[in-house]
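Enquirer: Okay, so here is upload-v8.cif, and as you'll see once you scroll down, it has mmCIF, C-alpha atoms and all ligand atoms.
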```cif
data_work
loop_
_atom_site.label_atom_id
_atom_site.label_comp_id
_atom_site.auth_asym_id
_atom_site.auth_seq_id
_atom_site.Cartn_x
_atom_site.Cartn_y
_atom_site.Cartn_z
CA MET R 1 -14.68 12.41 7.80
CA GLU R 2 -17.18 9.79 6.63
CA ARG R 3 -15.91 6.28 6.01
CA LEU R 4 -17.24 3.07 4.54
CA HIS R 5 -16.81 -0.26 6.28
CA ILE R 6 -15.66 -2.68 3.63
CA ALA R 7 -12.40 -4.13 4.91
CA ASN R 8 -12.25 -7.09 7.29
CA LEU R 9 -10.97 -5.28 10.34
CA PRO R 10 -9.19 -5.53 12.67
CA THR R 11 -6.61 -7.59 10.81
CA PRO R 12 -4.83 -10.13 13.01
CA ILE R 13 -1.32 -9.73 14.35
CA GLN R 14 0.80 -12.88 14.42
CA LYS R 15 4.13 -13.35 16.13
CA LEU R 16 6.77 -14.96 13.91
CA ASP R 17 8.30 -17.05 16.67
CA ARG R 18 11.00 -18.86 14.75
CA LEU R 19 12.10 -15.81 12.75
CA SER R 20 12.18 -13.78 16.00
CA GLU R 21 14.46 -16.36 17.56
CA GLU R 22 16.67 -16.45 14.48
CA LEU R 23 17.06 -12.66 14.35
CA GLY R 24 17.13 -11.97 18.10
CA VAL R 25 14.21 -9.52 18.10
CA ASN R 26 10.44 -10.01 18.31
CA ILE R 27 8.89 -9.80 14.86
CA TYR R 28 5.15 -9.54 14.40
CA LEU R 29 3.17 -9.61 11.17
CA LYS R 30 -0.01 -7.58 10.79
CA ARG R 31 -2.08 -9.36 8.16
CA ASP R 32 -3.47 -6.52 6.08
CA ASP R 33 -3.41 -9.07 3.27
CA PHE R 34 -6.48 -10.42 5.12
CA THR R 35 -8.55 -7.25 4.61
CA GLY R 36 -10.49 -9.11 1.93
CA THR R 37 -10.12 -11.16 -1.22
CA GLU R 38 -10.91 -8.91 -4.18
CA VAL R 39 -10.15 -5.82 -2.08
CA SER R 40 -7.22 -7.48 -0.32
CA GLY R 41 -4.30 -5.43 0.99
CA ASN R 42 -3.68 -1.90 2.17
CA LYS R 43 -5.66 -0.08 -0.51
CA VAL R 44 -9.09 -0.92 0.86
CA ARG R 45 -8.34 0.92 4.10
CA LYS R 46 -7.70 4.04 2.02
CA LEU R 47 -10.68 3.45 -0.25
CA GLU R 48 -13.00 3.33 2.75
CA PHE R 49 -12.33 7.07 3.04
CA SER R 50 -11.80 8.04 -0.62
CA VAL R 51 -14.94 6.31 -1.89
CA ALA R 52 -16.99 7.61 1.06
CA ASP R 53 -15.92 11.09 -0.04
CA ALA R 54 -16.97 10.29 -3.62
CA LEU R 55 -20.40 9.12 -2.46
CA GLN R 56 -20.80 12.14 -0.22
CA GLN R 57 -20.19 14.36 -3.26
CA GLY R 58 -22.82 12.42 -5.22
CA CYS R 59 -20.35 10.95 -7.70
CA ASP R 60 -21.25 7.88 -9.74
CA THR R 61 -17.94 6.93 -11.38
CA ILE R 62 -14.46 6.47 -9.95
CA ILE R 63 -11.37 7.17 -12.03
CA THR R 64 -7.94 6.18 -10.89
CA ALA R 65 -4.57 5.14 -12.25
CA GLY R 66 -1.66 2.82 -11.63
CA GLY R 67 0.87 0.42 -13.07
CA ILE R 68 0.00 -2.72 -14.99
CA GLN R 69 -0.25 -4.85 -11.84
CA SER R 70 -1.67 -2.11 -9.63
CA ASN R 71 -3.27 -3.49 -6.48
CA HIS R 72 -4.87 -0.11 -5.96
CA CYS R 73 -6.62 -0.25 -9.35
CA ARG R 74 -7.89 -3.77 -8.66
CA ALA R 75 -9.18 -2.85 -5.20
CA THR R 76 -10.87 0.26 -6.65
CA ALA R 77 -12.54 -1.86 -9.34
CA ALA R 78 -13.83 -4.21 -6.63
CA VAL R 79 -15.20 -1.43 -4.40
CA ALA R 80 -16.85 0.27 -7.39
CA ALA R 81 -18.51 -3.00 -8.45
CA MET R 82 -19.65 -3.61 -4.87
CA LEU R 83 -21.32 -0.19 -4.71
CA GLY R 84 -22.70 -0.11 -8.25
CA LEU R 85 -20.37 2.69 -9.35
CA GLY R 86 -18.63 2.99 -12.71
CA CYS R 87 -14.86 2.58 -12.72
CA ASP R 88 -12.26 3.78 -15.24
CA LEU R 89 -8.65 2.70 -14.75
CA VAL R 90 -5.75 4.38 -16.52
CA ILE R 91 -2.99 1.82 -16.60
CA ARG R 92 0.61 2.03 -17.70
CA GLY R 93 2.95 -0.90 -18.12
CA GLU R 94 5.10 -2.98 -20.38
CA ILE R 95 3.80 -5.88 -22.48
CA PRO R 96 0.48 -6.36 -20.74
CA ASN R 97 -0.85 -9.85 -20.40
CA HIS R 98 -4.58 -9.34 -19.97
CA PHE R 99 -5.12 -12.81 -18.57
CA GLU R 100 -3.11 -12.73 -15.37
CA GLY R 101 -2.90 -11.04 -12.02
CA ASN R 102 -4.58 -7.74 -11.28
CA LEU R 103 -5.21 -6.86 -14.93
CA PHE R 104 -7.41 -9.95 -15.24
CA LEU R 105 -9.25 -8.99 -12.03
CA ASP R 106 -9.73 -5.36 -13.12
CA GLN R 107 -11.64 -6.62 -16.15
CA ALA R 108 -13.46 -9.37 -14.27
CA LEU R 109 -14.68 -6.74 -11.81
CA GLY R 110 -16.10 -4.66 -14.64
CA ALA R 111 -13.68 -1.75 -14.75
CA ARG R 112 -13.04 -0.01 -18.05
CA VAL R 113 -9.29 -0.39 -18.59
CA HIS R 114 -7.48 2.35 -20.55
CA LEU R 115 -3.96 1.27 -21.39
CA LEU R 116 -1.51 4.11 -21.86
CA ALA R 117 1.04 4.13 -24.65
CA PRO R 118 4.58 4.74 -23.28
CA ASP R 119 4.57 8.39 -24.42
CA GLU R 120 0.99 9.20 -23.32
CA SER R 121 0.41 11.49 -20.35
CA ARG R 122 -1.49 9.90 -17.47
CA GLU R 123 -2.96 13.24 -16.37
CA GLU R 124 -4.15 14.14 -19.88
CA LYS R 125 -5.78 10.75 -20.27
CA MET R 126 -7.54 11.08 -16.91
CA ASP R 127 -8.73 14.60 -17.81
CA GLU R 128 -10.04 13.29 -21.12
CA ILE R 129 -12.00 10.52 -19.38
CA VAL R 130 -13.42 13.01 -16.87
CA GLU R 131 -14.60 15.30 -19.68
CA ASN R 132 -16.16 12.41 -21.63
CA LEU R 133 -18.00 11.17 -18.55
CA LYS R 134 -19.30 14.64 -17.75
CA ALA R 135 -20.49 15.04 -21.34
CA GLN R 136 -22.46 11.80 -20.84
CA GLY R 137 -24.10 13.20 -17.71
CA HIS R 138 -21.97 11.34 -15.18
CA LYS R 139 -20.35 12.73 -12.06
CA PRO R 140 -16.78 11.44 -11.90
CA TYR R 141 -14.50 11.34 -8.86
CA VAL R 142 -10.75 11.11 -9.36
CA ILE R 143 -8.66 9.17 -6.85
CA PRO R 144 -4.92 9.80 -7.27
CA VAL R 145 -2.42 6.97 -7.79
CA GLY R 146 -2.47 4.70 -4.73
CA ALA R 147 -5.19 6.89 -3.10
CA SER R 148 -2.19 8.62 -1.59
CA ASN R 149 -3.63 11.95 -0.60
CA ALA R 150 -4.89 13.38 2.68
CA VAL R 151 -8.26 11.60 2.35
CA GLY R 152 -7.01 8.10 1.47
CA SER R 153 -4.20 8.25 4.03
CA LEU R 154 -6.82 8.49 6.80
CA GLY R 155 -7.15 4.72 6.30
CA TYR R 156 -3.72 4.25 7.84
CA ALA R 157 -4.21 6.92 10.44
CA SER R 158 -7.09 4.80 11.66
CA ALA R 159 -4.90 1.68 11.38
CA ILE R 160 -2.68 3.22 14.08
CA GLU R 161 -5.71 3.38 16.38
CA GLU R 162 -6.39 -0.28 15.59
CA ILE R 163 -2.76 -1.18 16.33
CA THR R 164 -2.93 0.72 19.63
CA ARG R 165 -5.99 -1.31 20.71
CA GLN R 166 -4.17 -4.51 19.72
CA GLU R 167 -1.08 -3.45 21.69
CA ASN R 168 -3.29 -3.04 24.75
CA ASN R 169 -4.86 -6.46 24.22
CA LEU R 170 -1.48 -8.11 23.68
CA GLY R 171 0.10 -6.21 26.56
CA LEU R 172 3.05 -4.97 24.53
CA HIS R 173 4.25 -1.95 22.62
CA PHE R 174 5.58 -1.95 19.06
CA ASP R 175 8.62 0.30 18.99
CA SER R 176 8.95 -0.10 15.22
CA VAL R 177 6.34 -0.36 12.49
CA VAL R 178 7.64 -1.37 9.05
CA ILE R 179 6.01 -1.16 5.61
CA ALA R 180 6.82 -1.06 1.91
CA VAL R 181 6.36 2.37 0.32
CA GLY R 182 5.02 2.76 -3.22
CA SER R 183 3.15 6.07 -3.38
CA GLY R 184 3.56 7.23 0.23
CA GLY R 185 0.00 7.36 1.56
CA THR R 186 0.24 4.36 3.85
CA TYR R 187 3.38 5.76 5.42
CA ALA R 188 1.86 9.26 5.73
CA GLY R 189 -1.23 7.97 7.53
CA LEU R 190 0.78 5.89 9.98
CA TRP R 191 3.28 8.65 10.73
CA TYR R 192 0.58 11.30 11.12
CA ALA R 193 -1.55 9.33 13.60
CA ASN R 194 1.52 8.13 15.48
CA GLN R 195 2.68 11.72 15.86
CA LYS R 196 -0.77 12.93 16.92
CA GLN R 197 -0.84 10.24 19.62
CA GLY R 198 2.57 11.43 20.81
CA ALA R 199 3.62 7.79 20.49
CA LYS R 200 7.26 6.77 20.39
CA ARG R 201 6.92 4.15 17.65
CA LYS R 202 9.33 4.60 14.79
CA ILE R 203 7.79 4.16 11.36
CA TYR R 204 10.17 2.60 8.83
CA GLY R 205 9.38 2.57 5.12
CA PHE R 206 11.20 0.61 2.44
CA ALA R 207 10.86 2.35 -0.93
CA VAL R 208 10.03 0.20 -3.94
CA ASP R 209 10.37 2.89 -6.60
CA HIS R 210 11.46 6.51 -5.91
CA ASN R 211 14.36 7.57 -3.73
CA THR R 212 14.24 8.76 -0.14
CA GLU R 213 14.26 12.47 -1.01
CA VAL R 214 11.25 12.16 -3.31
CA PHE R 215 9.29 10.16 -0.73
CA VAL R 216 10.09 12.45 2.18
CA GLU R 217 8.71 15.34 0.12
CA THR R 218 5.62 13.41 -1.05
CA ILE R 219 4.85 12.15 2.45
CA THR R 220 5.40 15.58 4.03
CA ASN R 221 3.01 17.16 1.53
CA ILE R 222 0.30 14.59 2.26
CA MET R 223 0.71 15.14 6.00
CA LYS R 224 0.56 18.92 5.70
CA GLU R 225 -2.81 18.52 4.00
CA MET R 226 -3.93 16.13 6.77
CA TYR R 227 -3.06 18.70 9.46
CA LEU R 228 -4.93 21.37 7.47
CA ASN R 229 -8.01 19.16 7.02
CA ASP R 230 -8.04 18.47 10.76
CA GLY R 231 -7.88 22.22 11.47
CA LEU R 232 -4.51 21.79 13.19
CA GLU R 233 -1.42 23.90 12.97
CA VAL R 234 0.81 22.61 10.18
CA PRO R 235 4.28 21.85 11.58
CA GLU R 236 7.28 23.37 9.82
CA GLU R 237 9.52 20.38 10.39
CA TYR R 238 8.94 16.65 10.19
CA HIS R 239 11.52 14.52 11.96
CA ASP R 240 12.08 10.83 11.66
CA ILE R 241 10.48 10.20 8.29
CA LEU R 242 12.55 7.04 7.88
CA ILE R 243 12.58 5.91 4.27
CA ASN R 244 15.23 3.44 3.16
CA ASP R 245 15.72 3.38 -0.64
CA GLN R 246 18.45 0.73 -0.74
CA TYR R 247 16.18 -2.21 -1.56
CA ILE R 248 14.51 -1.04 -4.78
CA GLY R 249 16.80 -3.47 -6.59
CA SER R 250 16.37 -3.49 -10.37
CA GLY R 251 13.46 -1.05 -10.23
CA TYR R 252 9.73 -0.89 -9.68
CA ALA R 253 8.07 -4.30 -10.13
CA LYS R 254 11.37 -5.80 -11.32
CA SER R 255 12.68 -8.71 -9.28
CA ARG R 256 16.23 -9.86 -8.70
CA ALA R 257 16.89 -13.54 -8.10
CA GLU R 258 18.05 -12.80 -4.53
CA GLU R 259 14.68 -11.16 -3.68
CA LEU R 260 12.69 -14.02 -5.18
CA ALA R 261 14.88 -16.57 -3.39
CA PHE R 262 14.25 -14.69 -0.13
CA ILE R 263 10.47 -14.72 -0.69
CA MET R 264 10.59 -18.47 -1.37
CA LYS R 265 12.68 -19.08 1.76
CA ILE R 266 10.23 -17.14 3.93
CA ALA R 267 7.29 -19.02 2.39
CA ARG R 268 8.89 -22.41 3.03
CA GLU R 269 10.23 -21.71 6.48
CA HIS R 270 7.49 -19.54 7.91
CA GLY R 271 4.35 -20.38 5.96
CA PHE R 272 3.35 -17.03 4.51
CA LEU R 273 3.76 -15.52 1.07
CA LEU R 274 5.00 -12.04 0.25
CA ASP R 275 4.49 -10.31 -3.10
CA PRO R 276 7.46 -9.51 -5.34
CA VAL R 277 6.68 -5.80 -5.91
CA TYR R 278 6.07 -4.40 -2.42
CA THR R 279 6.08 -6.61 0.66
CA GLY R 280 8.82 -8.91 -0.67
CA LYS R 281 11.20 -5.98 -1.05
CA GLY R 282 10.06 -4.40 2.23
CA PHE R 283 10.45 -7.57 4.27
CA TYR R 284 13.79 -8.33 2.59
CA GLY R 285 14.95 -4.82 3.47
CA MET R 286 13.78 -5.17 7.07
CA VAL R 287 15.46 -8.54 7.66
CA SER R 288 18.69 -7.32 5.99
CA GLU R 289 18.72 -4.18 8.14
CA ILE R 290 18.06 -6.19 11.32
CA GLN R 291 21.05 -8.34 10.40
CA LYS R 292 23.14 -5.17 9.87
CA GLY R 293 22.18 -3.86 13.33
CA THR R 294 19.92 -0.98 12.25
CA PHE R 295 17.16 -2.20 14.60
CA LYS R 296 19.50 -3.00 17.49
CA ASN R 297 17.48 -0.96 19.99
CA ALA R 298 14.17 -2.45 18.92
CA LYS R 299 12.30 -5.00 21.00
CA ASN R 300 9.01 -5.49 19.15
CA ILE R 301 8.87 -4.89 15.40
CA LEU R 302 5.56 -4.92 13.53
CA PHE R 303 5.73 -5.52 9.78
CA ILE R 304 2.46 -4.75 8.00
CA HIS R 305 1.80 -7.25 5.22
CA THR R 306 0.04 -4.92 2.82
CA GLY R 307 -1.06 -7.67 0.42
CA GLY R 308 -0.39 -7.66 -3.30
CA LEU R 309 -0.47 -11.41 -3.83
CA GLN R 310 -2.83 -11.05 -6.80
CA GLY R 311 -0.06 -9.19 -8.63
CA TRP R 312 2.33 -12.16 -9.00
CA THR R 313 2.87 -12.57 -12.75
CA GLN R 314 3.62 -15.84 -14.45
CA GLU R 315 7.16 -14.65 -15.21
CA GLN R 316 7.75 -13.80 -11.54
CA ARG R 317 6.35 -17.16 -10.44
CA GLU R 318 8.57 -19.00 -12.92
CA ASN R 319 11.66 -17.07 -11.85
CA ALA R 320 10.84 -17.58 -8.16
CA LEU R 321 10.57 -21.33 -8.58
CA LYS R 322 13.85 -21.36 -10.52
CA THR R 323 15.64 -20.08 -7.41
CA LEU R 324 14.78 -23.24 -5.46
C1 LIG F 401 0.76 -4.55 -1.77
C2 LIG F 401 1.16 -3.14 -1.55
N1 LIG F 401 1.95 -2.85 -0.52
C3 LIG F 401 2.38 -1.60 -0.27
C4 LIG F 401 2.01 -0.56 -1.10
C5 LIG F 401 2.53 0.79 -0.80
O1 LIG F 401 1.55 1.63 -0.30
P1 LIG F 401 1.59 3.19 -0.63
O2 LIG F 401 1.28 3.31 -2.11
O3 LIG F 401 0.56 3.77 0.22
O4 LIG F 401 2.96 3.67 -0.35
C6 LIG F 401 1.18 -0.81 -2.21
C7 LIG F 401 0.77 0.23 -3.17
O5 LIG F 401 1.50 1.01 -3.68
C8 LIG F 401 0.73 -2.14 -2.44
O6 LIG F 401 -0.06 -2.43 -3.47
#
```
Kindly transcribe the structure held in the file into structure tokens.
Expert:
Amino acid sequence: MERLHIANLPTPIQKLDRLSEELGVNIYLKRDDFTGTEVSGNKVRKLEFSVADALQQGCDTIITAGGIQSNHCRATAAVAAMLGLGCDLVIRGEIPNHFEGNLFLDQALGARVHLLAPDESREEKMDEIVENLKAQGHKPYVIPVGASNAVGSLGYASAIEEITRQENNLGLHFDSVVIAVGSGGTYAGLWYANQKQGAKRKIYGFAVDHNTEVFVETITNIMKEMYLNDGLEVPEEYHDILINDQYIGSGYAKSRAEELAFIMKIAREHGFLLDPVYTGKGFYGMVSEIQKGTFKNAKNILFIHTGGLQGWTQEQRENALKTL
């Protein structure tokens, strides 16, 4: 499969010495928030494959969708602008403030933003945009929410190869890889490549919206398509898809004071910032589970910081500072 080279790769891996000492297990942070600035985070790894596919098919406009503070939409807008492609974003969310976070960046980067009314269907809106573009002589390419399909997920299959090279350089093995899960593609890519390598790493996902059952099904479906695309036999059973749905809290993109207080504590004590929607909940879940003994057999845990810092809203920032 063709790919573009847009992301700053490989992203560094840093050991969190003091947190490791505190928790009694080695914790490493893979800085996928360093993949870029406008394209920052996990989405650009996926877009390297999705947008390459669009270009290969001769498409000139990218259409995708997400929530009001979607990092995926913002990264797509940036890649489209970089390559001179059109970009239409179908965005759903409550009380949009056009002047902050990713919604500001979407517009700054030249994407056409289509805000959905609460009762409007995302699929119908995307179909309508596709038809309008075709009528104008354009060739649109639709990327699903989060680029979480078999093409986009290749970005994280290749991240496993990158991690393997880094393990060799560091002279260690990560027995656990941990991420936040929003639409499943990052997890699917990691699990798929890990399995293909026959590696023993366990991949842990902390859900930020749907429950475990929904994610296991979504992730399995993406992986089945990946096996098919690679011309491999599609396994009947998928073991060890480890999705924890106990840290969604008040719901997608909604923050509880305890999560914001945790993010502030990590920032002050360890010098890096998590986002409130994905990595904050994922890292909070991981640390809580380490404290509960879930990772008691682990030696080296790798948390992938998948970015999302552009999505902090003013309300979240205010509430976070109030916890201090
Ligand atoms: C910052 C960040 N982290 C993690 C995720 C989760 O990735 P995925 O949608 O592939 O599950 C997303 C997107 O949903 C994200 O924007």
Enquirer: Please identify every polymer residue within 9 Å of ligand LIG 401 (chain F), using all atoms listed in the file, and present the set as JSON, numbers by chain.
Expert: {"R": [33, 40, 41, 42, 43, 46, 66, 69, 70, 71, 72, 145, 146, 147, 148, 152, 153, 156, 179, 180, 181, 182, 183, 184, 185, 186, 187, 188, 189, 205, 207, 208, 274, 275, 277, 278, 279, 282, 304, 305, 306, 307, 308, 309, 310, 311]}
Enquirer: Can you tell me, as an NGL selection string, what residues are no more than 9 Å from Met1 (chain R) when counting all atoms listed in the file, ignoring any on the same chain fewer than 6 positions away?
Expert: :R and (49 or 52-53 or 151 or 154)
Enquirer: So that each row is one residue of region 166-256 of chain R with an atom at most 12 Å from region 85-103 of chain R, can you give its shortest atom pair and the distance in Å to one decimal, using only C-alpha atoms, rows by chain and rising number, as a tab-separated table?
Expert:
```
residue	atom	partner	partner_atom	distance
R:Tyr252	CA	R:Gly93	CA	10.8
R:Ala253	CA	R:Gly93	CA	10.1
R:Lys254	CA	R:Glu94	CA	11.4
```
Enquirer: Using all atoms listed in the file, which residue out of R:Gly67, R:Gly110, R:Gly155, R:Gly171 lies closest to Ala81 (chain R)?
Expert: R:Gly110
Enquirer: Can you pull out every residue within 8 Å of region 139-144 of chain R, counting only C-alpha atoms, but drop anything in the same chain fewer than 2 positions away, and send it as a PyMOL selection string?
Expert: chain R and resi 50+54+58-65+130+133-134+137+146-149
Enquirer: Could you save the residues just selected, with C-alpha atoms, as a PDB file, keeping the file's coordinate frame?
Expert:
```
ATOM      1  CA  SER R  50     -11.800   8.040  -0.620  1.00  0.00           C
ATOM      2  CA  ALA R  54     -16.970  10.290  -3.620  1.00  0.00           C
ATOM      3  CA  GLY R  58     -22.820  12.420  -5.220  1.00  0.00           C
ATOM      4  CA  CYS R  59     -20.350  10.950  -7.700  1.00  0.00           C
ATOM      5  CA  ASP R  60     -21.250   7.880  -9.740  1.00  0.00           C
ATOM      6  CA  THR R  61     -17.940   6.930 -11.380  1.00  0.00           C
ATOM      7  CA  ILE R  62     -14.460   6.470  -9.950  1.00  0.00           C
ATOM      8  CA  ILE R  63     -11.370   7.170 -12.030  1.00  0.00           C
ATOM      9  CA  THR R  64      -7.940   6.180 -10.890  1.00  0.00           C
ATOM     10  CA  ALA R  65      -4.570   5.140 -12.250  1.00  0.00           C
ATOM     11  CA  VAL R 130     -13.420  13.010 -16.870  1.00  0.00           C
ATOM     12  CA  LEU R 133     -18.000  11.170 -18.550  1.00  0.00           C
ATOM     13  CA  LYS R 134     -19.300  14.640 -17.750  1.00  0.00           C
ATOM     14  CA  GLY R 137     -24.100  13.200 -17.710  1.00  0.00           C
ATOM     15  CA  GLY R 146      -2.470   4.700  -4.730  1.00  0.00           C
ATOM     16  CA  ALA R 147      -5.190   6.890  -3.100  1.00  0.00           C
ATOM     17  CA  SER R 148      -2.190   8.620  -1.590  1.00  0.00           C
ATOM     18  CA  ASN R 149      -3.630  11.950  -0.600  1.00  0.00           C
TER      19      ASN R 149
END
```
Enquirer: Draw an axis-aligned box over all listed atoms of region 255-274 of chain R, pad each side with 5 Å, and write its centre and edge lengths in Å, one decimal, as JSON.
Expert:
```
{"center_x": 10.7, "center_y": -15.6, "center_z": -0.7, "size_x": 24.7, "size_y": 23.7, "size_z": 27.2}
```
Enquirer: Which residues are close to region 238-241 of chain R, i.e. within 9 Å by only C-alpha atoms, leaving aside same-chain residues fewer than 4 positions away? Reply as a PyMOL selection string.
Expert: chain R and resi 187+191+202-205+216+219-220
Enquirer: CA of Gly251 (chain R) and CA of His270 (chain R), how far apart in Å?
Expert: 26.6 Å
Enquirer: Please compute the CA of Ser158 (chain R)-CA of Gly285 (chain R) distance, one decimal, in Å.
Expert: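 Taking CA of Ser158 (chain R) as the start and CA of Gly285 (chain R) as the end point, the length is 25.4 Å.
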Enquirer: Any idea what the distance is between CA of Phe34 (chain R) and CA of Glu21 (chain R)?
Expert: 25.1 Å
